[in-house]
Protein chains: 2
Amino acid sequence: MSAAVITRLDRMTRWEPGTAERLQEAALELFATRGFEQTTATEIAQSVGLTERTFFRHFSDKREVLFHGQHLLVQAFLAGVEAAPPDAPPIEIVAAALRSVTSFFPDERRQRSRSRQSVIDQNPALQERERHKLASLATTLADALRARGVDELAATLAAESGVTVFRIAFAQWLREGERRSLADLAAEVLRELLSVTRDRT
Amino acid sequence: MSAAVITRLDRMTRWEPGTAERLQEAALELFATRGFEQTTATEIAQSVGLTERTFFRHFSDKREVLFHGQHLLVQAFLAGVEAAPPDAPPIEIVAAALRSVTSFFPDERRQRSRSRQSVIDQNPALQERERHKLASLATTLADALRARGVDELAATLAAESGVTVFRIAFAQWLREGERRSLADLAAEVLRELLSVTRDRT
DNA sequence: CTAGTGATGTCTGTGACTGACGTCAGTCAC
DNA sequence: GTGACTGACGTCAGTCACAGACATCACTAG
C-alpha cells in the first residue's frame, strides 16, 4: 500500500483522471486471474492505489465495474433508431438500430470482448447483471420506438426482438474461430428470426 | 418469537413439513409490508420460529425465496412442447407451450400474482433475478426444441420469442382492471409478434 | 488571501452469506 | 430394543459487500 501511496505522490496533479477506467482495467485483470468471487473490492482498489470506499463511490456494486461504459451501447442503438426513415415499420427501425450498433464493435475489439465475456460467463451473478442491462436497453429502445409513433405492444415486441438478435449475434461473434463481422451476423440472425416467425402452418 | 417457539412445541412431530413454503409466505408478507431491503433474512426466519441459518439452507440467497416453485412453470412449458405434433414448425411448438403454461395461471391466481409482482417491481435486485429465471427458462426451452430436431439458431430464437411473449402477456394479465385470461392475452401477443416481424418493406 | 468544491481516506456499522460443529428425533438394520 | 445413521435444525464465528458520517487536502473562483 505504501508503494501505491508513493506512486500517487509522484504525480503532479493530485488525482489522475480516468479513475473508473483504471479500476475497471484492474478488475478485469483480477477477475480473469483469480475469478470474480475470489477477488475482493478492496483488492481491486488497492491494486490501483485506492481504497475500497473509493471503489464503491465509482461503482454502485462490485459487478457494475464490468459494465462501465454501457451507455455508449445504448446511444448507438438510439442513434440507429434516429437514422431510420420516418415512415419505416418497426422491424425496419430495429434493423437500422442493429446496423448502427454493430459498427461500434469492429473486429479489433473482438479479442478484448472475448476476455470480458469469459469472465461474465463464469459467474451467474454477472450473467444476471448482463441480462438486466440488456433488459433495460430493450425498455429504452421500446420508448424510442413509441416516441416515433409505434404502437405500445409493437414497440415492446420489436425492441425485445432487436435486443435478442443483438445478444445472439454477439455471442456468435465471440465464438472461437468466427470470422464474420458482427454486422453480418446480426443481419443473418435477424433474417432467421423473420423466417422462424413466418413458418406458422 | 416465543409464540413461535410455543407453536412448534405444540406439534407432535419435531419438524413440520413445508418449511420452505412457510418461509416464502412469511417473506412475501414482510416484503409487501416493509419492503425487500428493509426486511432481513433473520426477521423472516424468526417470524416462523426458525433461524437465519435455516433460511439459507432452504434458499441460496434472500431473493430466491420469492422464486420458490418456479420449476413448475418450466415443467408446464416443457409439457406443452411435448404435446405439440411431431412435425410442427418451431413457432407452432412455442404456441403449444404457451397454451400449456397459461393454463397454470387460472384467474383465481391473479390477485396473489399481483402482490408478488408488485414486490418484485419495486426492487431492481428482484427484477434482475426474475429476468435471470426467465432467461434460463428460455435456454431450457431451446434445448427442448433442439431435442425435437429444431435447428440450433431457430430453436434459440423461437424459445426467446416464446418467453418474451409470455412475459409481456403476463404483465398485461396483472394490470389493474384486466379481465381477459392469460391464454387469450398470450395468443394476442403472439399474433402481434408475427405481425410485427412480417411488416418488413 | 479566503471560502468553497470535489475526489479521496478513515472509521464504523449492518446485514448477507458460509463453514464447522453440535443437537436431537425418527428410522432402520441386526 | 439398541445402536448406528440420517436429516433438519441451532450455535458460533468469520468474511465481505456496501453505506453513512466526517476529515483531508489540492485546486479554484472571487
# chains A, B, ... in the order shown; residues from 1 in each chain; ligands from 1
$ select_by_dssp --residues "chain B" --states "helix (DSSP H, G or I)" --output "number ranges by chain"
B: 2-10, 19-34, 41-47, 52-58, 63-67, 70-83, 90-102, 107-121, 124-147, 152-174, 182-196
$ closest_atom_pairs --of "range 62-106 of chain B" --to "range 185-194 of chain B" --cutoff "8 Å" --atoms "only C-alpha atoms" --output "tab-separated table"
residue	atom	partner	partner_atom	distance
B:Ala95	CA	B:Leu190	CA	7.8
B:Leu98	CA	B:Ala186	CA	7.1
B:Thr102	CA	B:Ala186	CA	7.8
$ residues_around --residues "Leu73 in chain A" --least-positions-apart "4" --cutoff "10 Å" --atoms "only C-alpha atoms (C1' of nucleotides)" --output "list in words"
Gly69, Phe77, Leu78, Ala79, Ser100, Val101, Thr102, Phe104, Phe105, Leu134 and Leu137 of chain A
$ interface_residues --of "chain B" --to "chain A" --cutoff "9 Å" --atoms "only C-alpha atoms" --output "number ranges by chain"
B: 88-92, 124, 127-129, 131-132, 135, 153-158, 160-161, 164-165, 168, 189, 192-201
$ closest_residue --among "D:DA21, D:DC5, D:DC12, D:DC27" --to "DG26 in chain C" --atoms "only C-alpha atoms (C1' of nucleotides)"
D:DC5
$ interface_residues --of "chain C" --to "chain B" --cutoff "10 Å" --atoms "only C-alpha atoms (C1' of nucleotides)" --output "PyMOL selection string"
chain C and resi 15-18+24-26
$ write_last_selection --atoms "C-alpha atoms (C1' of nucleotides)" --output "CSV table (one decimal), in the first residue's frame"
chain,number,residue,atom,x,y,z
C,15,DG,C1',-26.5,-7.5,7.0
C,16,DA,C1',-25.9,-11.3,3.5
C,17,DC,C1',-23.9,-15.4,3.4
C,18,DT,C1',-20.7,-19.6,4.8
C,24,DC,C1',-31.9,-34.5,18.6
C,25,DA,C1',-36.0,-37.1,17.0
C,26,DG,C1',-37.2,-40.6,13.8
$ interface_residues --of "chain D" --to "chain A" --cutoff "10 Å" --atoms "only C-alpha atoms (C1' of nucleotides)" --output "PyMOL selection string"
chain D and resi 16-19+25-27
